[in-house]
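Enquirer: Supplied structure: query.csv, CSV, C-alpha atoms.
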```
chain,number,residue,atom,x,y,z
B,1,ASP,CA,26.4,-12.9,-29.5
B,2,SER,CA,22.8,-12.9,-30.9
B,3,GLY,CA,24.0,-13.3,-34.5
B,4,VAL,CA,22.4,-9.9,-35.4
B,5,THR,CA,24.9,-7.3,-36.5
B,6,GLN,CA,24.5,-3.6,-36.7
B,7,THR,CA,26.8,-0.9,-38.0
B,8,PRO,CA,28.0,1.6,-37.1
B,9,LYS,CA,28.2,1.2,-33.3
B,10,HIS,CA,28.3,4.9,-32.7
B,11,LEU,CA,27.3,7.8,-34.9
B,12,ILE,CA,27.7,11.5,-34.1
B,13,THR,CA,26.2,14.0,-36.4
B,14,ALA,CA,24.7,17.5,-36.6
B,15,THR,CA,21.1,18.7,-36.7
B,16,GLY,CA,19.6,18.7,-40.2
B,17,GLN,CA,21.8,15.9,-41.4
B,18,ARG,CA,20.9,12.4,-42.7
B,19,VAL,CA,22.3,9.1,-41.6
B,20,THR,CA,21.9,5.4,-42.5
B,21,LEU,CA,22.0,2.6,-40.0
B,22,ARG,CA,22.6,-0.9,-41.2
B,23,CYS,CA,21.4,-4.3,-39.9
B,24,SER,CA,22.2,-7.8,-40.9
B,25,PRO,CA,19.7,-10.4,-39.4
B,26,ARG,CA,20.7,-13.8,-38.1
B,27,SER,CA,21.3,-16.4,-40.8
B,28,GLY,CA,17.9,-17.8,-41.9
B,29,ASP,CA,15.8,-15.0,-40.3
B,30,LEU,CA,13.4,-13.3,-42.7
B,31,SER,CA,11.9,-10.7,-40.4
B,32,VAL,CA,13.7,-7.5,-39.3
B,33,TYR,CA,12.4,-5.1,-36.8
B,34,TRP,CA,13.7,-1.6,-35.8
B,35,TYR,CA,13.3,-0.2,-32.4
B,36,GLN,CA,14.3,3.1,-30.8
B,37,GLN,CA,15.4,3.3,-27.2
B,38,SER,CA,15.5,6.7,-25.5
B,39,LEU,CA,15.5,7.8,-21.9
B,40,ASP,CA,12.1,9.4,-22.0
B,41,GLN,CA,10.2,7.1,-24.3
B,42,GLY,CA,11.8,3.8,-23.5
B,43,LEU,CA,11.9,1.1,-26.2
B,44,GLN,CA,9.6,1.9,-29.1
B,45,PHE,CA,8.8,-0.2,-32.1
B,46,LEU,CA,9.5,1.7,-35.4
B,47,ILE,CA,9.0,-0.6,-38.3
B,48,GLN,CA,9.1,-4.3,-39.5
B,49,TYR,CA,10.1,-5.9,-42.7
B,50,TYR,CA,9.5,-9.5,-43.8
B,51,ASN,CA,11.3,-10.9,-46.8
B,52,GLY,CA,11.7,-7.5,-48.4
B,53,GLU,CA,8.2,-6.2,-47.7
B,54,GLU,CA,7.0,-3.8,-45.1
B,55,ARG,CA,4.8,-5.7,-42.6
B,56,ALA,CA,4.1,-3.3,-39.7
B,57,LYS,CA,4.6,0.3,-38.7
B,58,GLY,CA,4.9,1.7,-35.2
B,59,ASN,CA,5.8,5.1,-33.9
B,60,ILE,CA,8.0,5.9,-36.9
B,61,LEU,CA,8.4,9.6,-37.9
B,62,GLU,CA,7.9,10.6,-41.5
B,63,ARG,CA,11.5,11.8,-41.6
B,64,PHE,CA,12.5,8.1,-41.0
B,65,SER,CA,12.3,5.4,-43.6
B,66,ALA,CA,13.6,1.8,-43.9
B,67,GLN,CA,14.0,-0.9,-46.5
B,68,GLN,CA,15.0,-4.6,-46.6
B,69,PHE,CA,17.2,-5.7,-49.5
B,70,PRO,CA,17.1,-9.1,-51.4
B,71,ASP,CA,20.0,-10.3,-49.2
B,72,LEU,CA,17.7,-9.6,-46.2
B,73,HIS,CA,19.9,-6.9,-44.7
B,74,SER,CA,18.0,-3.8,-43.7
B,75,GLU,CA,18.8,-0.1,-43.5
B,76,LEU,CA,17.1,2.6,-41.5
B,77,ASN,CA,17.4,6.1,-42.9
B,78,LEU,CA,17.0,9.1,-40.6
B,79,SER,CA,16.8,12.5,-42.2
B,80,SER,CA,16.5,16.2,-41.1
B,81,LEU,CA,17.9,15.1,-37.8
B,82,GLU,CA,16.8,16.8,-34.6
B,83,LEU,CA,18.4,16.8,-31.1
B,84,GLY,CA,15.5,14.6,-29.9
B,85,ASP,CA,16.5,11.8,-32.4
B,86,SER,CA,19.5,11.1,-30.2
B,87,ALA,CA,18.9,7.5,-29.0
B,88,LEU,CA,20.0,3.9,-29.3
B,89,TYR,CA,18.6,2.2,-32.4
B,90,PHE,CA,18.1,-1.5,-32.2
B,91,CYS,CA,17.5,-4.0,-35.0
B,92,ALA,CA,16.0,-7.4,-34.1
B,93,SER,CA,15.3,-10.4,-36.3
B,94,SER,CA,13.1,-13.5,-36.2
B,95,VAL,CA,12.6,-16.5,-38.4
B,96,ALA,CA,9.0,-15.9,-39.3
B,97,SER,CA,6.7,-12.9,-39.8
B,98,GLY,CA,6.0,-12.9,-36.2
B,99,ARG,CA,2.6,-14.6,-36.1
B,100,GLU,CA,4.2,-18.0,-35.7
B,101,GLY,CA,7.7,-17.6,-34.3
B,102,GLY,CA,8.4,-16.9,-30.6
B,103,GLU,CA,12.0,-15.7,-30.5
B,104,GLN,CA,13.2,-12.3,-31.5
B,105,PHE,CA,16.9,-11.6,-31.2
B,106,PHE,CA,18.4,-8.1,-30.9
B,107,GLY,CA,21.6,-6.6,-32.3
B,108,PRO,CA,24.0,-4.6,-30.2
B,109,GLY,CA,22.5,-1.3,-31.3
B,110,THR,CA,23.7,1.9,-32.9
B,111,ARG,CA,24.1,4.9,-30.6
B,112,LEU,CA,23.1,8.1,-32.5
B,113,THR,CA,24.1,11.4,-31.0
B,114,VAL,CA,22.8,14.5,-32.7
B,115,LEU,CA,24.6,17.7,-31.8
C,1,GLY,CA,-4.2,0.5,-25.7
C,2,GLU,CA,-1.3,-1.9,-25.1
C,3,ASP,CA,0.8,-1.1,-22.1
C,4,VAL,CA,3.4,-3.0,-20.0
C,5,GLU,CA,4.2,-1.9,-16.5
C,6,GLN,CA,7.2,-2.8,-14.3
C,7,SER,CA,8.7,-1.4,-11.1
C,8,LEU,CA,11.8,0.6,-11.8
C,9,PHE,CA,14.2,-0.7,-9.2
C,10,LEU,CA,15.0,-3.9,-7.2
C,11,SER,CA,17.9,-4.5,-4.8
C,12,VAL,CA,18.8,-7.9,-3.5
C,13,ARG,CA,21.7,-9.5,-1.7
C,14,GLU,CA,24.0,-12.0,-3.5
C,15,GLY,CA,22.7,-15.5,-3.1
C,16,ASP,CA,19.1,-14.4,-2.5
C,17,SER,CA,16.3,-14.9,-5.0
C,18,SER,CA,15.1,-12.0,-7.1
C,19,VAL,CA,11.6,-11.6,-8.3
C,20,ILE,CA,10.8,-9.1,-11.0
C,21,ASN,CA,7.2,-8.4,-11.7
C,22,CYS,CA,5.3,-7.1,-14.8
C,23,THR,CA,1.7,-6.4,-15.7
C,24,TYR,CA,0.4,-6.1,-19.2
C,25,THR,CA,-2.9,-5.0,-20.7
C,26,ASP,CA,-3.5,-7.0,-23.9
C,27,SER,CA,-5.3,-10.2,-22.9
C,28,SER,CA,-4.8,-11.5,-26.5
C,29,SER,CA,-1.0,-11.4,-26.1
C,30,THR,CA,0.5,-14.6,-27.5
C,31,TYR,CA,4.0,-14.5,-26.2
C,32,LEU,CA,5.6,-12.7,-23.3
C,33,TYR,CA,9.3,-12.2,-23.0
C,34,TRP,CA,12.1,-11.3,-20.6
C,35,TYR,CA,15.1,-9.5,-21.9
C,36,LYS,CA,18.3,-8.4,-20.1
C,37,GLN,CA,20.3,-5.3,-20.9
C,38,GLU,CA,23.7,-4.7,-19.3
C,39,PRO,CA,25.3,-1.2,-19.4
C,40,GLY,CA,26.3,-0.2,-22.9
C,41,ALA,CA,25.0,-3.5,-24.4
C,42,GLY,CA,22.1,-4.7,-26.5
C,43,LEU,CA,19.1,-6.7,-25.4
C,44,GLN,CA,19.7,-10.3,-24.5
C,45,LEU,CA,16.7,-12.7,-24.8
C,46,LEU,CA,16.5,-14.6,-21.5
C,47,THR,CA,13.4,-16.5,-21.9
C,48,TYR,CA,9.8,-16.3,-23.2
C,49,ILE,CA,6.6,-18.0,-22.5
C,50,PHE,CA,3.6,-18.8,-24.7
C,51,SER,CA,0.3,-17.6,-23.4
C,52,ASN,CA,-1.2,-21.1,-22.8
C,53,MET,CA,1.5,-21.9,-20.3
C,54,ASP,CA,1.5,-21.1,-16.6
C,55,MET,CA,5.2,-21.6,-15.8
C,56,LYS,CA,8.5,-22.1,-17.6
C,57,GLN,CA,11.8,-23.0,-15.9
C,58,ASP,CA,15.2,-22.6,-17.4
C,59,GLN,CA,18.2,-23.3,-15.0
C,60,ARG,CA,18.1,-20.4,-12.5
C,61,LEU,CA,15.2,-18.7,-14.2
C,62,THR,CA,11.5,-19.3,-13.5
C,63,VAL,CA,8.8,-17.5,-15.3
C,64,LEU,CA,5.2,-17.5,-13.9
C,65,LEU,CA,2.3,-16.3,-15.9
C,66,ASN,CA,-1.1,-15.4,-14.4
C,67,LYS,CA,-3.2,-14.8,-17.5
C,68,LYS,CA,-6.3,-13.9,-15.5
C,69,ASP,CA,-4.5,-11.1,-13.8
C,70,LYS,CA,-2.3,-10.3,-16.8
C,71,HIS,CA,0.7,-10.7,-14.5
C,72,LEU,CA,4.2,-12.0,-15.4
C,73,SER,CA,7.1,-12.6,-13.1
C,74,LEU,CA,10.7,-13.6,-13.5
C,75,ARG,CA,12.4,-15.3,-10.6
C,76,ILE,CA,16.2,-15.5,-10.6
C,77,ALA,CA,17.5,-18.1,-8.1
C,78,ASP,CA,20.8,-17.7,-6.3
C,79,THR,CA,21.3,-14.1,-7.7
C,80,GLN,CA,24.9,-13.2,-8.5
C,81,THR,CA,26.6,-9.9,-9.0
C,82,GLY,CA,26.7,-10.7,-12.7
C,83,ASP,CA,22.9,-10.6,-12.8
C,84,SER,CA,23.0,-6.8,-12.1
C,85,ALA,CA,21.3,-5.3,-15.2
C,86,ILE,CA,18.1,-3.9,-16.5
C,87,TYR,CA,15.4,-6.5,-17.1
C,88,PHE,CA,12.7,-5.7,-19.6
C,89,CYS,CA,9.3,-7.4,-19.8
C,90,ALA,CA,7.7,-7.4,-23.3
C,91,GLU,CA,4.5,-8.6,-24.8
C,92,ARG,CA,3.6,-9.5,-28.3
C,93,PRO,CA,0.0,-8.3,-28.8
C,94,GLY,CA,-2.4,-10.7,-30.5
C,95,GLY,CA,-3.0,-8.5,-33.4
C,96,SER,CA,0.7,-7.7,-34.1
C,97,GLN,CA,2.9,-9.0,-36.9
C,98,GLY,CA,5.5,-9.8,-34.3
C,99,ASN,CA,6.6,-6.4,-32.9
C,100,LEU,CA,6.9,-6.2,-29.2
C,101,ILE,CA,5.6,-3.8,-26.6
C,102,PHE,CA,8.2,-3.2,-23.8
C,103,GLY,CA,8.0,-2.1,-20.2
C,104,LYS,CA,10.3,0.6,-19.0
C,105,GLY,CA,12.7,-1.9,-17.4
C,106,THR,CA,13.6,-2.9,-13.9
C,107,LYS,CA,17.1,-2.1,-12.7
C,108,LEU,CA,18.3,-5.0,-10.6
C,109,SER,CA,21.2,-4.2,-8.2
C,110,VAL,CA,22.9,-7.2,-6.5
C,111,LYS,CA,24.8,-6.3,-3.3
C,112,PRO,CA,27.7,-8.6,-2.3
```
Would you put the structure from the file into structure tokens?
Expert:
Amino acid sequence: DSGVTQTPKHLITATGQRVTLRCSPRSGDLSVYWYQQSLDQGLQFLIQYYNGEERAKGNILERFSAQQFPDLHSELNLSSLELGDSALYFCASSVASGREGGEQFFGPGTRLTVL
Amino acid sequence: GEDVEQSLFLSVREGDSSVINCTYTDSSSTYLYWYKQEPGAGLQLLTYIFSNMDMKQDQRLTVLLNKKDKHLSLRIADTQTGDSAIYFCAERPGGSQGNLIFGKGTKLSVKP
């Protein structure tokens, strides 16, 4: 158990819908990262937050957004869902902003299926 | 751009050593990682190495880093059936805020 929790574990929804994925980082970690894992693209970095502020953006679609709350949990919002958004979404956390810290721990993931 | 390459499959016999190789492109990468993913599970951090190190050993795991060739390897000694999984190599590029660039993963199959 990495100490990073994600809910829900599975999510099945229809095209055009909107969903919210939730992540709680390890106790004491200030940085949260979101990644998408799909068969064709592999593991891709989406976005990072550090202590409530956006720090870095990767291959995140405009239909997707995220935020980190004062209690440090984070939510990833996916809207106007398409079949191609079906994937495993991981959250990871680390102590620092990333420049200093070495370890990044991953949650168990949320499997999103868009029908 | 940044890229991480790994071979897709490796098959070994139980008790043998496994060596999983990885090459990366960003010479300014600060940290390099190995993660393990079992079927239906998340990513488990196995070990990582700072770019100023050549080798790191942790029980059955040995990581070798050749910075000149941008080559990273993970050796698993006395491989067990429980080691069957997908192993991901990842780099943290020097200019990043901490996000990782992952390879496609190497599926390790251990035959009894």
Enquirer: What's the separation between atom CA of C:Ile20 and atom CA of C:Glu91, in Å to one decimal place?
Expert: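 Computing it gives 15.2 Å between the two atoms.
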Enquirer: Might you pull out every residue within 12 Å of C:Tyr24, with only C-alpha atoms counted and same-chain residues fewer than 5 positions away left off, and present them as a VMD selection string?
Expert: chain C and resid 1 to 6 29 to 33 65 to 73 89 to 93 100 to 104
Enquirer: Given the choices B:Leu46, B:Val114, B:Leu72, B:Leu78, which gets closest to chain C if the distance is worked out from only C-alpha atoms?
Expert: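 Among the listed residues, B:Leu46 lies closest to chain C.
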Enquirer: Rounded to one decimal place, report the atom CA of C:Lys107-atom CA of C:Tyr35 distance in Å.
Expert: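 Atom-to-atom, atom CA of C:Lys107 and atom CA of C:Tyr35 are spaced 12.0 Å apart.
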Enquirer: Ranking C:Ser27, C:Gly40, C:Val19, C:Ser109 by minimum distance to C:Ala85 and counting all atoms listed in the file, which one comes first?
Expert: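 Among C:Ser27, C:Gly40, C:Val19, C:Ser109, it is C:Ser109 that comes nearest to C:Ala85.
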Enquirer: Taking all atoms listed in the file into account, find every residue of chain B that has an atom no more than 8 Å from chain C, and write it out as a ChimeraX atom specification.
Expert: /B:2,33,42-45,48,55-56,90,97-99,102-109
Enquirer: Using atom CA of B:Thr15 and atom CA of B:Asn59 as the two end points, give the distance in Å to one decimal.
Expert: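 Computed distance, atom CA of B:Thr15 to atom CA of B:Asn59, equals 20.7 Å.
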Enquirer: Tell me, as a PyMOL selection string, which residues lie within 8 Å of B:Ile12, counting all atoms listed in the file; anything in the same chain fewer than 6 positions away does not count.
Expert: chain B and resi 112-115
Enquirer: Restricting it to C-alpha atoms, dump the selection as a PDB file, in the frame of the given file.
Expert:
```pdb
ATOM      1  CA  LEU B 112      23.100   8.100 -32.500  1.00  0.00           C
ATOM      2  CA  THR B 113      24.100  11.400 -31.000  1.00  0.00           C
ATOM      3  CA  VAL B 114      22.800  14.500 -32.700  1.00  0.00           C
ATOM      4  CA  LEU B 115      24.600  17.700 -31.800  1.00  0.00           C
TER       5      LEU B 115
END
```
Enquirer: Taking (33.7, 4.1, -32.9) as a centre in this file's frame and 12 Å as the limit, can you find every polymer residue with an atom that close, using all atoms listed in the file, and give them as a ChimeraX atom specification?
Expert: /B:7-12,110-112
Enquirer: Select, from B:Lys57, B:His73, B:Arg18, B:Arg63, the residue with the minimum atom-to-atom distance to B:Tyr35, counting only C-alpha atoms.
Expert: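 Checking each candidate against B:Tyr35, we get B:Lys57 as the closest.
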Enquirer: Applying 7 Å and all atoms listed in the file, which residues near C:Leu74 remain after dropping the ones on its own chain fewer than 4 positions away? List them as a list in words.
Expert: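 The residues that qualify are Val19, Ile20, Asn21, Leu61, Thr62, Val63 and Leu64 of chain C.
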